[in-house]
Amino acid sequence: MKHKTLLAIVGPTGIGKTHWAIQLAKHFHTEILSADSRQFYKEMTIGTAVPSASELGEVKHHFIQHKSIFDTYSVGDFEKDALAKLNDLFRDQELTVIAGGSGLYVDAVVNGMDDFPDIDPSIRNELIAQWQSSGIEQLQIELKEKDPVQYNNIDLENPHRLIRALEVTRGSGKPYSSFLGKKSITRPFKTLYLGIQASRETIYERIERRVDQMMQTGLLDEAKKLFEHKNLNALQTVGYKELFQYLDGAYTLEFAISEIKKNTRRYAKRQLTWYRKNDVILWIDFDAPKEKVIEEVTKKLNTLADG
């Protein structure tokens with residue numbers, strides 16, 4: 001390859017992105033940037049499926065548990081940090097891998113962030129107060145009414161994302177989604193998207209098994225340690241918020257686990273919706289032979305180099 005290339009490995013949660021990132025990074029003798037926003041925080045391990053110590057030992061990873069849940073860390077911060085790291089890595093290698101389930105974070109690195117208008121901070125404060133007093137459902141209803149496009153594209157269980165979308169919508173008088181995709185940025189590298197796919201049934205089966213395994217390996221104990229900080233933005237995520245409901249006495253443990261599975265399936269569905277809009281993704285089966293995948297990726301990289 002005569003140019004720098006970012007190999008972006010994407011796909012729904014639990015599909016095996018970590019496995020394929022490691023296999024391909026080892027083959028191309030490179031390193032991995034994690035774009036999974038849930039894995040940034042050092043206090044969260046089991047519920048975010050952080051790569052194991054042995055996996056982290058196989059290939060050098062960046063942006064894994066490098067922040068605290070008490071830190072403020074946005075997608076814009078990640079974009080800046082990831083580009084700086086890529087600049088360093090591309091000095092010595094032609095290809096670097098980025099992998100993760102957060103499509104927004106991958107897209108920020110590849111395409112840049114969209115420009116949004118300045119919004120009066122009081123609007124955000126009002127939305128936070130509304131969420132804390134009335135719950136997340138009212139935010140969901142308002143977003144569905146005012147911006148159905150964004151409603152169908154974000155994690156509806158994440159109040160931070162809902163509040164941000166509504167903050168822009170209320171403050172500008174225009175849907176949040178109307179500001180997306182307007183900015184065009186040229187990066188000093190090319191990008192090859194590699195998508196890991198499986199049937200919907202297989203994805204859901206893998207999610208069920210993963211949640212059961214998380215519970216067996218101590219997810220409840222992890223949630224107990226974090227319970228006093230349950231209102232932090234970093235903890236408004238599947239796997240923790242359901243167990244916080246159990247610890248609050250609102251759910252039985254059995255129901256909390258079933259909710260984790262249901263909400264994770266919904267998250268996977270939204271991820272697939274996000275990725276299906278990208279028509280340049282090279283899709284491979286999650287259980288494809290390694291040699292075949294390496295052959296397909298190499299062929300595509302050569303095509304990029306000739307383009």
# chains A, B, ... in the order shown; residues from 1 in each chain; ligands from 1

call {"tool": "residues_around", "arguments": {"residues": "Arg187 (chain A)", "least_positions_apart": "4", "cutoff": "10 Å", "atoms": "only C-alpha atoms", "output": "list in words"}}
result
Leu83, Val109, Val110, Asn111, Gly112 and Thr191 of chain A

call {"tool": "residues_around", "arguments": {"residues": "His27 (chain A)", "least_positions_apart": "5", "cutoff": "10 Å", "atoms": "only C-alpha atoms", "output": "list in words"}}
result
Ala21, Ile22 and Ile294 of chain A

call {"tool": "write_last_selection", "arguments": {"atoms": "all heavy atoms", "output": "JSON list (two decimals), in the first residue's frame"}}
result
[["chain", "number", "residue", "atom", "x", "y", "z"],
["A", 21, "ALA", "N", -10.75, -7.83, 14.77],
["A", 21, "ALA", "CA", -9.78, -6.74, 14.86],
["A", 21, "ALA", "C", -8.41, -7.29, 15.23],
["A", 21, "ALA", "O", -7.38, -6.90, 14.65],
["A", 21, "ALA", "CB", -10.24, -5.71, 15.88],
["A", 22, "ILE", "N", -8.38, -8.20, 16.19],
["A", 22, "ILE", "CA", -7.11, -8.79, 16.62],
["A", 22, "ILE", "C", -6.50, -9.64, 15.51],
["A", 22, "ILE", "O", -5.29, -9.54, 15.23],
["A", 22, "ILE", "CB", -7.32, -9.62, 17.90],
["A", 22, "ILE", "CG1", -7.62, -8.69, 19.08],
["A", 22, "ILE", "CG2", -6.09, -10.48, 18.20],
["A", 22, "ILE", "CD1", -8.02, -9.41, 20.36],
["A", 294, "ILE", "N", -8.87, -12.57, 5.18],
["A", 294, "ILE", "CA", -7.62, -11.87, 4.88],
["A", 294, "ILE", "C", -7.46, -11.67, 3.38],
["A", 294, "ILE", "O", -7.04, -10.60, 2.92],
["A", 294, "ILE", "CB", -6.42, -12.65, 5.46],
["A", 294, "ILE", "CG1", -6.44, -12.56, 6.99],
["A", 294, "ILE", "CG2", -5.10, -12.11, 4.90],
["A", 294, "ILE", "CD1", -5.40, -13.42, 7.66]]

call {"tool": "closest_residue", "arguments": {"among": "A:Val149, A:Ala49, A:Leu104, A:Met44", "to": "Lys225 (chain A)", "atoms": "only C-alpha atoms"}}
result
A:Met44

call {"tool": "closest_residue", "arguments": {"among": "A:Leu86, A:Ile154, A:Ile69, A:Leu33", "to": "Arg266 (chain A)", "atoms": "only C-alpha atoms"}}
result
A:Ile154

call {"tool": "closest_atom_pairs", "arguments": {"of": "region 227-259 of chain A", "to": "region 205-223 of chain A", "cutoff": "10 Å", "atoms": "only C-alpha atoms", "output": "Markdown table"}}
result
| residue | atom | partner | partner_atom | distance |
| --- | --- | --- | --- | --- |
| A:Phe227 | CA | A:Ala223 | CA | 5.8 |
| A:Glu228 | CA | A:Ala223 | CA | 9.4 |
| A:His229 | CA | A:Ala223 | CA | 9.8 |
| A:Lys230 | CA | A:Ala223 | CA | 8.9 |
| A:Leu235 | CA | A:Ala223 | CA | 9.5 |
| A:Gly239 | CA | A:Leu219 | CA | 8.1 |
| A:Tyr240 | CA | A:Ala223 | CA | 6.0 |
| A:Lys241 | CA | A:Ala223 | CA | 8.6 |
| A:Glu242 | CA | A:Ala223 | CA | 9.5 |
| A:Leu243 | CA | A:Ala223 | CA | 6.6 |
| A:Phe244 | CA | A:Ala223 | CA | 6.9 |
| A:Tyr246 | CA | A:Leu220 | CA | 9.7 |
| A:Leu247 | CA | A:Ala223 | CA | 8.7 |
| A:Leu253 | CA | A:Leu220 | CA | 9.4 |
| A:Ile257 | CA | A:Val211 | CA | 7.7 |
| A:Ser258 | CA | A:Glu208 | CA | 9.1 |

call {"tool": "select_by_dssp", "arguments": {"residues": "region 18-145 of chain A", "states": "alpha helix (DSSP H)", "output": "number ranges by chain"}}
result
A: 18-27, 53-58, 75-89, 103-111, 121-134, 137-145

call {"tool": "closest_residue", "arguments": {"among": "A:Ala84, A:Leu24, A:Ala53, A:Leu139", "to": "Ala99 (chain A)", "atoms": "only C-alpha atoms"}}
result
A:Leu24

call {"tool": "residues_around", "arguments": {"residues": "Gln138 (chain A)", "least_positions_apart": "2", "cutoff": "12 Å", "atoms": "only C-alpha atoms", "output": "list in words"}}
result
Leu127, Ile128, Ala129, Gln130, Trp131, Gln132, Ser133, Ser134, Gly135, Ile136, Gln140, Ile141, Glu142, Leu143, Lys144, Glu145, Leu156, Glu157, Pro159, Leu162, Ile163 and Leu166 of chain A

call {"tool": "atom_distance", "arguments": {"atom1": "CA of Phe63 (chain A)", "atom2": "CA of Ser34 (chain A)"}}
result
5.5 Å

call {"tool": "residues_around", "arguments": {"residues": "His19 (chain A)", "least_positions_apart": "6", "cutoff": "12 Å", "atoms": "only C-alpha atoms", "output": "PyMOL selection string"}}
result
chain A and resi 9-10+25-26+32+50-52+54-56+58-59+99-100+196+286-288+290

call {"tool": "select_by_dssp", "arguments": {"residues": "region 2-106 of chain A", "states": "strand (DSSP E or B)", "output": "compact mmCIF listing (two decimals) with C-alpha atoms, in the first residue's frame"}}
result
# COMPACT_ATOMS: atom_id res chain seq x y z
CA THR A 5 -5.33 3.21 5.33
CA LEU A 6 -7.70 2.92 8.28
CA LEU A 7 -9.40 -0.47 8.48
CA ALA A 8 -12.70 0.17 10.28
CA ILE A 9 -14.28 -2.99 11.67
CA VAL A 10 -17.97 -2.51 12.41
CA ILE A 32 -6.03 -1.21 17.26
CA LEU A 33 -7.99 1.91 18.18
CA SER A 34 -11.16 1.14 20.12
CA TYR A 41 -14.26 3.91 31.27
CA HIS A 61 -4.96 -1.42 21.91
CA HIS A 62 -5.67 2.28 22.39
CA LYS A 67 -11.07 7.52 31.17
CA LEU A 95 -2.45 0.48 8.03
CA THR A 96 -4.18 0.86 11.38
CA VAL A 97 -7.33 -0.84 12.67
CA ILE A 98 -10.25 0.89 14.38
CA ALA A 99 -13.05 -1.23 15.82

call {"tool": "atom_distance", "arguments": {"atom1": "CA of Lys60 (chain A)", "atom2": "CA of His29 (chain A)"}}
result
10.2 Å

call {"tool": "residues_around", "arguments": {"residues": "Ala108 (chain A)", "least_positions_apart": "4", "cutoff": "9 Å", "atoms": "only C-alpha atoms", "output": "CSV table (one decimal) with C-alpha atoms, in the first residue's frame"}}
result
chain,number,residue,atom,x,y,z
A,75,VAL,CA,-17.3,12.2,20.6
A,76,GLY,CA,-15.6,15.5,19.7
A,78,PHE,CA,-12.5,11.2,20.9
A,79,GLU,CA,-12.2,12.5,17.3
A,103,GLY,CA,-20.9,4.1,14.7
A,104,LEU,CA,-21.0,7.8,15.6
A,112,GLY,CA,-15.4,14.6,10.9
A,113,MET,CA,-18.1,16.1,13.1
A,114,ASP,CA,-21.1,18.0,11.9

call {"tool": "closest_residue", "arguments": {"among": "A:His3, A:Arg161, A:Lys174, A:Arg270", "to": "Gly101 (chain A)", "atoms": "only C-alpha atoms"}}
result
A:Arg270

call {"tool": "residues_around", "arguments": {"residues": "Phe116 (chain A)", "least_positions_apart": "2", "cutoff": "8 Å", "atoms": "only C-alpha atoms", "output": "list in words"}}
result
Asp114, Asp118, Val168 and Phe179 of chain A
